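final_8.cif (mmCIF, C-alpha atoms and all ligand atoms)
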data_start
#
loop_
_atom_site.label_atom_id
_atom_site.label_comp_id
_atom_site.auth_asym_id
_atom_site.auth_seq_id
_atom_site.Cartn_x
_atom_site.Cartn_y
_atom_site.Cartn_z
CA MET Z 587 0.00 0.00 0.00
CA ASP Z 588 1.39 3.35 -1.05
CA LYS Z 589 2.07 5.45 2.05
CA THR Z 590 0.98 8.74 0.48
CA HIS Z 591 -2.32 7.32 -0.66
CA ILE Z 592 -3.11 5.64 2.61
CA ASP Z 593 -2.22 8.82 4.50
CA SER Z 594 -4.54 10.89 2.37
CA ALA Z 595 -7.29 8.30 2.79
CA ILE Z 596 -6.81 8.40 6.55
CA ASP Z 597 -6.83 12.19 6.58
CA ALA Z 598 -9.97 12.21 4.48
CA VAL Z 599 -11.81 9.91 6.87
CA LEU Z 600 -10.72 12.03 9.82
CA ALA Z 601 -11.63 15.28 8.07
CA ALA Z 602 -15.04 13.86 7.18
CA ALA Z 603 -15.62 12.68 10.75
CA GLU Z 604 -14.50 16.04 12.15
CA ALA Z 605 -16.82 17.90 9.80
CA ALA Z 606 -19.70 15.57 10.62
CA ALA Z 607 -19.14 16.13 14.35
CA THR Z 608 -19.06 19.90 13.81
CA ASP Z 609 -22.20 19.63 11.73
CA ALA Z 610 -23.94 17.59 14.41
CA GLY Z 611 -22.72 20.05 17.05
CA ASP Z 612 -24.16 23.04 15.16
CA LEU Z 613 -27.44 21.25 14.77
CA ALA Z 614 -27.56 20.29 18.44
CA ASP Z 615 -26.74 23.88 19.46
CA ALA Z 616 -29.39 25.31 17.17
CA VAL Z 617 -32.11 22.93 18.29
CA THR Z 618 -31.16 23.31 21.94
CA ALA Z 619 -31.11 27.12 21.73
CA SER Z 620 -34.52 27.27 20.11
CA GLU Z 621 -35.99 24.85 22.62
CA ALA Z 622 -34.35 26.32 25.71
CA GLU Z 623 -36.63 29.35 25.58
CA ASP Z 624 -39.62 27.14 26.19
CA GLY Z 625 -37.94 25.66 29.22
CA ALA Z 626 -38.18 22.04 28.13
CA LEU Z 627 -36.00 20.19 25.69
CA SER Z 628 -37.95 18.24 23.13
CA LEU Z 629 -37.18 14.79 21.86
CA ALA Z 630 -35.58 16.37 18.79
CA ALA Z 631 -33.07 18.24 20.91
CA GLU Z 632 -32.31 15.16 22.94
CA GLU Z 633 -31.78 13.16 19.77
CA ALA Z 634 -29.62 15.91 18.29
CA ASN Z 635 -27.42 15.81 21.34
CA LYS Z 636 -27.23 12.04 21.25
CA SER Z 637 -26.28 12.22 17.62
CA LEU Z 638 -23.53 14.70 18.46
CA GLY Z 639 -22.31 12.33 21.15
CA ARG Z 640 -22.17 9.50 18.64
CA PHE Z 641 -20.18 11.50 16.12
CA GLU Z 642 -17.79 12.72 18.82
CA GLU Z 643 -17.33 9.19 20.06
CA ALA Z 644 -16.69 7.99 16.51
CA LEU Z 645 -14.22 10.78 15.93
CA SER Z 646 -12.20 10.08 19.05
CA SER Z 647 -12.16 6.36 18.31
CA TYR Z 648 -11.03 7.14 14.74
CA ARG Z 649 -8.23 9.25 16.20
CA ARG Z 650 -7.21 6.44 18.55
CA VAL Z 651 -7.15 3.95 15.70
CA LYS Z 652 -5.09 6.29 13.57
CA ALA Z 653 -2.54 6.78 16.33
CA LYS Z 654 -1.78 3.10 16.82
CA GLN Z 655 -2.56 1.63 13.45
CA THR Z 656 -0.09 -0.04 11.18
CA TRP Z 657 -1.57 -0.20 7.77
CA SER Z 658 -1.48 -3.82 6.86
CA MET Z 659 -5.08 -4.11 7.90
CA PHE Z 660 -7.24 -5.19 5.05
CA ASP Z 661 -8.29 -8.76 5.30
CA PHE Z 662 -9.58 -9.62 1.89
CA VAL Z 663 -11.74 -12.69 1.40
CA ASP Z 664 -12.46 -14.00 -2.06
CA ALA Z 665 -15.96 -15.27 -1.33
CA ARG Z 666 -17.15 -15.74 -4.89
CA PRO Z 667 -18.87 -18.98 -5.87
CA GLY Z 668 -16.44 -21.87 -6.21
CA ARG Z 669 -13.93 -20.48 -3.71
CA PRO Z 670 -13.33 -22.16 -0.35
CA ASP Z 671 -14.83 -19.17 1.48
CA ALA Z 672 -17.77 -18.76 -0.91
CA LEU Z 673 -20.79 -17.04 0.58
CA PRO Z 674 -24.16 -18.83 0.50
CA HIS Z 675 -25.40 -18.64 -3.09
CA GLY Z 676 -27.26 -20.59 -5.70
CA GLY Z 677 -31.01 -20.54 -5.67
CA THR Z 678 -32.87 -20.78 -8.94
CA LYS Z 679 -31.96 -17.33 -10.21
CA THR Z 680 -28.86 -15.71 -11.60
CA TRP Z 681 -27.72 -12.11 -11.94
CA ARG Z 682 -27.68 -10.52 -15.35
CA ARG Z 683 -24.24 -9.89 -16.81
CA ARG Z 684 -23.20 -6.32 -17.42
CA ASP Z 685 -20.50 -4.49 -19.31
CA VAL Z 686 -18.00 -3.44 -16.66
CA ASP Z 687 -16.70 -0.60 -18.83
CA ARG Z 688 -20.15 0.95 -18.74
CA LEU Z 689 -20.39 1.15 -14.96
CA LEU Z 690 -21.13 4.72 -13.88
CA GLY Z 691 -20.21 4.59 -10.22
CA PHE Z 692 -20.35 2.93 -6.82
CA ALA Z 693 -23.43 2.66 -4.62
CA ILE Z 694 -22.88 2.45 -0.86
CA HIS Z 695 -25.28 0.53 1.39
CA HIS Z 696 -25.55 -0.56 4.98
CA THR Z 697 -26.98 -3.91 6.05
CA ALA Z 698 -29.36 -2.14 8.44
CA GLY Z 699 -28.49 -5.09 10.61
CA GLY Z 700 -25.53 -7.27 11.41
CA ASP Z 701 -21.93 -7.50 10.38
CA ASP Z 702 -21.83 -11.10 9.12
CA PRO Z 703 -21.66 -11.45 5.32
CA ARG Z 704 -22.77 -15.10 5.52
CA LYS Z 705 -25.97 -14.19 7.36
CA THR Z 706 -26.79 -11.34 4.99
CA ALA Z 707 -26.14 -13.61 1.99
CA ALA Z 708 -28.33 -16.34 3.48
CA TYR Z 709 -31.07 -13.78 4.08
CA HIS Z 710 -30.93 -12.58 0.47
CA LEU Z 711 -30.93 -16.16 -0.78
CA GLY Z 712 -34.15 -16.94 1.06
CA ALA Z 713 -37.44 -15.08 0.94
CA ASN Z 714 -36.60 -11.50 1.87
CA HIS Z 715 -37.96 -7.98 1.87
CA THR Z 716 -37.25 -7.41 -1.82
CA SER Z 717 -37.94 -10.85 -3.27
CA SER Z 718 -40.47 -13.37 -2.04
CA ASP Z 719 -38.65 -16.28 -3.70
CA GLY Z 720 -35.12 -15.20 -2.99
CA MET Z 721 -32.17 -13.82 -4.91
CA PRO Z 722 -29.04 -15.60 -6.19
CA GLY Z 723 -27.18 -14.65 -3.01
CA LEU Z 724 -25.66 -11.54 -1.44
CA ALA Z 725 -27.13 -8.57 -3.31
CA TYR Z 726 -23.87 -6.61 -3.33
CA THR Z 727 -20.52 -7.10 -5.00
CA PHE Z 728 -18.51 -6.31 -1.87
CA PHE Z 729 -19.24 -6.55 1.86
CA ILE Z 730 -17.06 -4.50 4.23
CA ARG Z 731 -17.11 -5.61 7.83
CA LYS Z 732 -16.62 -3.39 10.86
CA ASP Z 733 -13.06 -4.68 11.21
CA GLY Z 734 -12.30 -3.48 7.67
CA ALA Z 735 -12.28 -6.96 6.12
CA ILE Z 736 -13.49 -6.90 2.54
CA TRP Z 737 -15.53 -9.84 1.25
CA TRP Z 738 -15.74 -10.20 -2.51
CA ALA Z 739 -19.05 -11.85 -3.37
CA TRP Z 740 -19.38 -11.67 -7.17
CA ASP Z 741 -17.48 -10.97 -10.37
CA LEU Z 742 -17.72 -7.30 -11.26
CA ASP Z 743 -19.82 -8.02 -14.34
CA MET Z 744 -22.65 -9.54 -12.32
CA ALA Z 745 -25.43 -6.98 -11.98
CA THR Z 746 -26.61 -7.60 -8.43
CA TRP Z 747 -30.10 -6.36 -7.57
CA SER Z 748 -29.00 -3.75 -5.12
CA GLN Z 749 -30.31 -0.28 -5.79
CA GLY Z 750 -33.77 -0.82 -7.21
CA GLY Z 751 -35.91 2.18 -7.93
CA GLY Z 752 -36.42 4.05 -11.17
CA THR Z 753 -33.85 6.74 -10.60
CA VAL Z 754 -30.10 7.12 -10.68
CA PRO Z 755 -28.02 9.78 -8.91
CA ASP Z 756 -27.73 13.36 -9.97
CA ALA Z 757 -24.55 12.79 -11.98
CA ASP Z 758 -24.92 15.97 -14.02
CA GLY Z 759 -25.16 18.02 -10.84
CA ASP Z 760 -28.30 19.93 -11.76
CA GLY Z 761 -29.92 19.21 -8.43
CA ASP Z 762 -32.49 16.72 -9.72
CA VAL Z 763 -32.37 13.01 -9.25
CA ASP Z 764 -32.11 11.81 -12.83
CA ARG Z 765 -34.51 9.37 -14.42
CA ALA Z 766 -32.90 6.02 -14.84
CA ASP Z 767 -33.74 5.77 -18.52
CA GLY Z 768 -31.15 7.37 -20.73
CA LEU Z 769 -28.58 8.01 -18.06
CA GLY Z 770 -28.14 4.53 -16.77
CA ARG Z 771 -29.84 1.77 -14.86
CA ALA Z 772 -29.59 1.62 -11.13
CA ASN Z 773 -28.36 -1.98 -10.90
CA ALA Z 774 -26.65 -2.55 -14.23
CA HIS Z 775 -24.59 0.63 -14.06
CA TYR Z 776 -23.67 0.91 -10.38
CA LEU Z 777 -21.51 -1.45 -8.39
CA ALA Z 778 -22.83 -2.09 -4.90
CA ILE Z 779 -20.70 -2.05 -1.75
CA VAL Z 780 -22.35 -2.74 1.61
CA LEU Z 781 -21.03 -1.80 5.04
CA GLY Z 782 -22.01 -4.13 7.89
CA GLY Z 783 -24.10 -2.32 10.50
CA SER Z 784 -27.05 0.00 10.82
CA PHE Z 785 -26.53 3.70 10.27
CA ARG Z 786 -30.20 4.31 9.67
CA SER Z 787 -30.57 7.76 11.06
CA ARG Z 788 -28.69 10.01 13.34
CA TRP Z 789 -32.05 10.68 14.95
CA ASN Z 790 -32.63 7.03 15.52
CA ARG Z 791 -31.28 5.48 18.68
CA ASN Z 792 -30.44 2.35 16.70
CA GLY Z 793 -28.36 4.36 14.30
CA GLY Z 794 -24.64 4.38 14.49
CA THR Z 795 -21.59 5.38 12.57
CA PRO Z 796 -19.38 3.13 10.50
CA THR Z 797 -16.03 2.22 11.96
CA PHE Z 798 -12.86 3.94 10.90
CA ARG Z 799 -11.63 0.74 9.31
CA GLN Z 800 -14.82 0.36 7.29
CA LEU Z 801 -14.54 3.85 5.88
CA LEU Z 802 -10.87 3.44 5.18
CA ALA Z 803 -11.36 0.04 3.56
CA MET Z 804 -14.16 1.52 1.44
CA GLN Z 805 -11.91 4.32 0.19
CA VAL Z 806 -8.96 2.05 -0.41
CA LEU Z 807 -11.11 -0.50 -2.25
CA ILE Z 808 -12.51 2.22 -4.51
CA GLY Z 809 -9.03 3.68 -4.98
CA HIS Z 810 -7.76 0.22 -5.99
CA LEU Z 811 -10.64 -0.51 -8.37
CA THR Z 812 -10.27 2.86 -10.09
CA GLY Z 813 -6.50 2.40 -10.30
CA ARG Z 814 -5.77 5.45 -8.14
CA CYS Z 815 -3.89 3.67 -5.40
CA SER Z 816 -2.92 0.07 -5.07
CA ALA Z 817 -3.47 -1.97 -1.93
CA ASP Z 818 -1.30 -5.04 -1.45
CA ASP Z 819 -4.06 -6.94 0.29
CA ILE Z 820 -6.57 -6.54 -2.53
CA PRO Z 821 -6.08 -8.86 -5.53
CA ARG Z 822 -4.01 -7.48 -8.34
CA GLU Z 823 -6.67 -8.43 -10.89
CA LEU Z 824 -8.97 -5.82 -9.37
CA PHE Z 825 -6.43 -3.01 -9.64
CA GLY Z 826 -7.65 -0.48 -12.20
CA ALA Z 827 -10.47 -2.83 -13.26
CA LEU Z 828 -12.74 0.24 -13.27
CA SER Z 829 -10.14 2.81 -14.24
CA HIS Z 830 -12.70 4.75 -16.29
CA LEU Z 831 -14.34 5.73 -12.99
CA SER Z 832 -13.04 8.23 -10.48
CA THR Z 833 -12.94 7.81 -6.72
CA GLY Z 834 -15.58 10.54 -6.54
CA ASP Z 835 -18.19 8.47 -8.39
CA VAL Z 836 -19.60 7.29 -5.08
CA TRP Z 837 -23.25 7.54 -4.10
CA PRO Z 838 -25.29 6.56 -1.10
CA HIS Z 839 -28.15 4.19 -1.95
CA SER Z 840 -30.53 7.02 -1.01
CA ALA Z 841 -29.37 8.97 -4.10
CA PHE Z 842 -31.20 6.38 -6.22
CA GLY Z 843 -34.62 7.18 -4.86
CA LYS Z 844 -36.47 6.62 -1.67
CA ALA Z 845 -34.39 4.16 0.29
CA ALA Z 846 -33.14 5.43 3.66
CA CYS Z 847 -29.90 3.57 3.09
CA PRO Z 848 -27.11 3.70 4.18
CA GLY Z 849 -28.48 6.13 6.74
CA GLU Z 850 -27.88 9.73 7.54
CA GLY Z 851 -24.85 9.05 9.68
CA VAL Z 852 -22.82 7.45 6.92
CA GLU Z 853 -24.25 9.65 4.16
CA THR Z 854 -22.82 12.71 5.84
CA LEU Z 855 -19.46 11.02 5.83
CA ILE Z 856 -19.73 9.82 2.22
CA GLY Z 857 -20.65 13.33 1.09
CA LEU Z 858 -17.67 14.80 2.86
CA MET Z 859 -15.35 12.06 1.68
CA GLN Z 860 -16.32 12.84 -1.91
CA LYS Z 861 -15.03 16.34 -1.31
CA THR Z 862 -11.75 15.34 0.26
CA TYR Z 863 -9.82 12.23 -0.74
CA CYS Z 864 -12.50 11.25 -3.17
CA ALA Z 865 -12.87 14.81 -4.43
CA ASN Z 866 -12.41 14.36 -8.12
CA GLY Z 867 -10.45 11.16 -8.14
CA SER Z 868 -7.62 13.04 -9.72
CA VAL Z 869 -4.16 13.89 -8.56
CA TRP Z 870 -4.98 17.45 -9.58
CA SER Z 871 -6.89 19.70 -7.19
CA ASP Z 872 -10.13 21.53 -8.02
CA GLY Z 873 -8.17 24.74 -8.47
CA GLU Z 874 -5.70 23.09 -10.81
CA TRP Z 875 -8.53 21.77 -12.98
CA GLN Z 876 -9.99 25.27 -13.10
CA ARG Z 877 -6.66 26.89 -13.91
CA ALA Z 878 -6.06 24.41 -16.74
CA LEU Z 879 -9.48 25.13 -18.25
CA VAL Z 880 -9.08 28.91 -17.91
CA LYS Z 881 -5.67 28.68 -19.55
CA LEU Z 882 -7.34 27.12 -22.58
CA GLY Z 883 -9.83 29.99 -22.73
CA TYR Z 884 -12.86 28.41 -21.04
CA ASP Z 885 -15.07 30.83 -19.14
CA LEU Z 886 -15.50 29.87 -15.49
CA GLY Z 887 -17.07 33.14 -14.41
CA GLY Z 888 -15.53 35.86 -12.27
CA TRP Z 889 -14.99 33.84 -9.09
CA GLY Z 890 -11.85 33.75 -7.03
CA PHE Z 891 -9.09 36.06 -5.95
CA ASN Z 892 -8.08 36.99 -9.48
CA GLU Z 893 -11.70 37.04 -10.65
CA ASP Z 894 -10.80 34.56 -13.37
CA GLY Z 895 -13.02 31.74 -12.15
CA VAL Z 896 -10.26 29.91 -10.26
CA ASP Z 897 -11.55 29.64 -6.71
CA GLY Z 898 -11.00 26.00 -5.80
CA GLN Z 899 -14.77 25.38 -5.57
CA TRP Z 900 -16.00 22.97 -8.21
CA GLY Z 901 -19.36 24.58 -9.00
CA GLU Z 902 -21.77 25.02 -11.91
CA ASP Z 903 -19.48 27.23 -14.04
CA SER Z 904 -16.64 24.75 -13.68
CA LYS Z 905 -18.90 21.83 -14.59
CA GLU Z 906 -20.22 23.64 -17.67
CA ALA Z 907 -16.71 24.49 -18.81
CA LEU Z 908 -15.69 20.85 -18.30
CA VAL Z 909 -18.54 19.61 -20.49
CA LYS Z 910 -17.64 22.18 -23.19
CA PHE Z 911 -14.06 20.98 -23.08
CA GLN Z 912 -15.21 17.36 -23.40
CA ARG Z 913 -17.39 18.29 -26.37
CA ASP Z 914 -14.60 20.27 -28.07
CA ARG Z 915 -12.20 17.35 -27.72
CA GLY Z 916 -14.70 14.72 -28.81
CA LEU Z 917 -14.49 13.05 -25.39
CA PRO Z 918 -17.42 11.16 -23.85
CA LEU Z 919 -19.71 13.76 -22.24
CA THR Z 920 -19.57 12.47 -18.70
CA ALA Z 921 -19.52 15.81 -16.84
CA HIS Z 922 -16.99 14.02 -14.63
CA ARG Z 923 -13.31 14.57 -14.27
CA ASP Z 924 -12.62 11.10 -15.57
CA ARG Z 925 -9.30 9.74 -16.69
CA ALA Z 926 -9.75 10.46 -20.40
CA THR Z 927 -10.60 14.09 -19.66
CA GLU Z 928 -7.72 14.37 -17.23
CA ALA Z 929 -5.29 13.02 -19.82
CA ALA Z 930 -6.63 15.40 -22.48
CA LEU Z 931 -6.40 18.41 -20.18
CA PHE Z 932 -3.13 17.70 -18.40
CA GLY Z 933 -1.43 15.73 -21.12
CA ARG Z 934 -0.75 12.67 -19.02
CA PRO Z 935 -1.35 9.09 -20.08
ZN ZN F 1 -29.17 -0.05 0.31
#
Will you turn the file into C-alpha cells for me?
Ligand SMILES: [Zn+2]
Amino acid sequence: MDKTHIDSAIDAVLAAAEAAATDAGDLADAVTASEAEDGALSLAAEEANKSLGRFEEALSSYRRVKAKQTWSMFDFVDARPGRPDALPHGGTKTWRRRDVDRLLGFAIHHTAGGDDPRKTAAYHLGANHTSSDGMPGLAYTFFIRKDGAIWWAWDLDMATWSQGGGTVPDADGDGDVDRADGLGRANAHYLAIVLGGSFRSRWNRNGGTPTFRQLLAMQVLIGHLTGRCSADDIPRELFGALSHLSTGDVWPHSAFGKAACPGEGVETLIGLMQKTYCANGSVWSDGEWQRALVKLGYDLGGWGFNEDGVDGQWGEDSKEALVKFQRDRGLPLTAHRDRATEAALFGRP
C-alpha cells in the first residue's frame, strides 16, 4: 500500500468525521437554543445531542485507531462462488451480466443489521424484503465488515439487484435526481458495496456510525478498483479494473430514490469524503482543474481572488466548462473529471 495514498485516505476519513461532528454540534446547538426558551427540551433536541455524542465518540475512536494503526489491515476474502470461502449462493436465479466498462459509479449501502456477510447472503438467498422467492445470493458485489475486512461476493460483471428504484443519482449536478432511462440503470450501471451495521438515522437510537476501518477500507477499495492507489491486500486483478471511474463516483443508496440507506450518519461522511480524498479522483486539485481550463480559454465566471473563475470550488461554471471541453475534444460527455478528460487536459497518459 502506497504510504501517500493511505495517509490521504486516513486524513480524508478524519476530516469527514470532524466535519460531521461539527455539523452535528451546530445542529444540536441550534435545536437546543430554540428549545431552551420554552424551558423544556424536546425529543428532537435530545436526539440531536445524542447524535452529536455519537459523532464525537466515533471521531475520538477514529483518532485512537489512527494513532496506533499499522496499515497492513485489510483482510480480503475471495468469497465468490467456487472459492473455499464462498458465501451462500445458488437458488434458482442468476444475476444478469453487465458491461463493466459501462459502470457509472459505486453505490454504498448498509446492512441495516448485522456484520456477518454469511448471514446477509443467506437472508438474500431466502425469501426477503425485496424478493419473495429469494435472490441468487448476497445482493452486493462487496461486503465490508466493521473490522475493515473486505468480502468479494461476485465478479464485477454480475449486476446484483441492489439499488432498485427508477432513478439514478444526480450525476450531471443539476440538483435533480435523474430518471434512470437514458442516463443509466440503477443496478446494471452501479456497483454495490455494503457496510455491515445500521446507520439508519442520526435521529434514531439504533443508528450508528461506520467504523474507521470500514470507511478506510471503502476508500482504499474504490481507490484500488479505479486504479488510483494500489493496496497489497486486494487482488491485483482488481487493480484499475474500473479505471474509467473516479474515486468521486460514489453515491449513497438514497441517491437512487427513496431508500433510507445507508443512513444519515454514513451519508454525511460519504458526502464529505467525496469532497476530500475522493474529491475528483484526480491527482490534480479543483483549483488546478480550473486553472487548466481557464488557460485554454474556457469561461469559469468571475470567481476567485483573481476574478478569473479559479476559486477552488468545483461549481456550476466549472462543470459547464468541463462539459464544453469534453465536447470540443470529442471526449465522452460524462460531466466528470474522468481519466480520459484528465489526460486530455493535463497531457498525461
Ligand atoms: Zn441499500
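You will find CA of Trp889 (chain Z) at 11.9 Å from CA of Arg877 (chain Z).
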Step by step, gather every atom of region 875-894 of chain Z that the file lists, find the box along x, y and z that holds them, add 3 Å on each side, and finally give centre and edge lengths in Å to one decimal, as AutoDock Vina command-line options.
--center_x -11.4 --center_y 29.4 --center_z -14.3 --size_x 17.4 --size_y 21.3 --size_z 22.8
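Among the candidate residues Z:Phe785, Z:Phe911, Z:Phe798, Z:Trp740, the one lying nearest to ligand ZN 1 (chain F) is Z:Phe785, with distances computed using all atoms listed in the file.
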Discussion item. Using all atoms listed in the file, which residues have at least one atom no more than 9 Å from ligand ZN 1 (chain F)? Output them as a list in words.
Written reply: Ala693, Ile694, His695, His696, Thr697, Ala698, Ser748, Gln749, Gly750, Ala778, Ile779, Val780, Pro838, His839, Ser840, Ala845, Ala846, Cys847, Pro848 and Gly849 of chain Z
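The interatomic distance for the pair CA of Ala772 (chain Z) and CA of Arg923 (chain Z) works out to 21.0 Å.
Of note, CA of Asp671 (chain Z) and CA of Gly712 (chain Z) are spaced 19.5 Å apart.
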Item to complete: Anything within 9 Å of (-22.1, -8.3, 0.1): list those residues as JSON, numbers by chain, counting all atoms listed in the file and sticking to the file's coordinates.
Response: {"Z": [673, 697, 703, 704, 706, 707, 723, 724, 725, 726, 727, 728, 729, 730, 737, 738, 739, 740, 778, 779, 780, 781, 782]}
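Distances to Ala841 (chain Z) were evaluated for Z:Ala665, Z:Ile856, Z:Ala607, Z:Val754 using all atoms listed in the file, and the minimum falls at Z:Val754.
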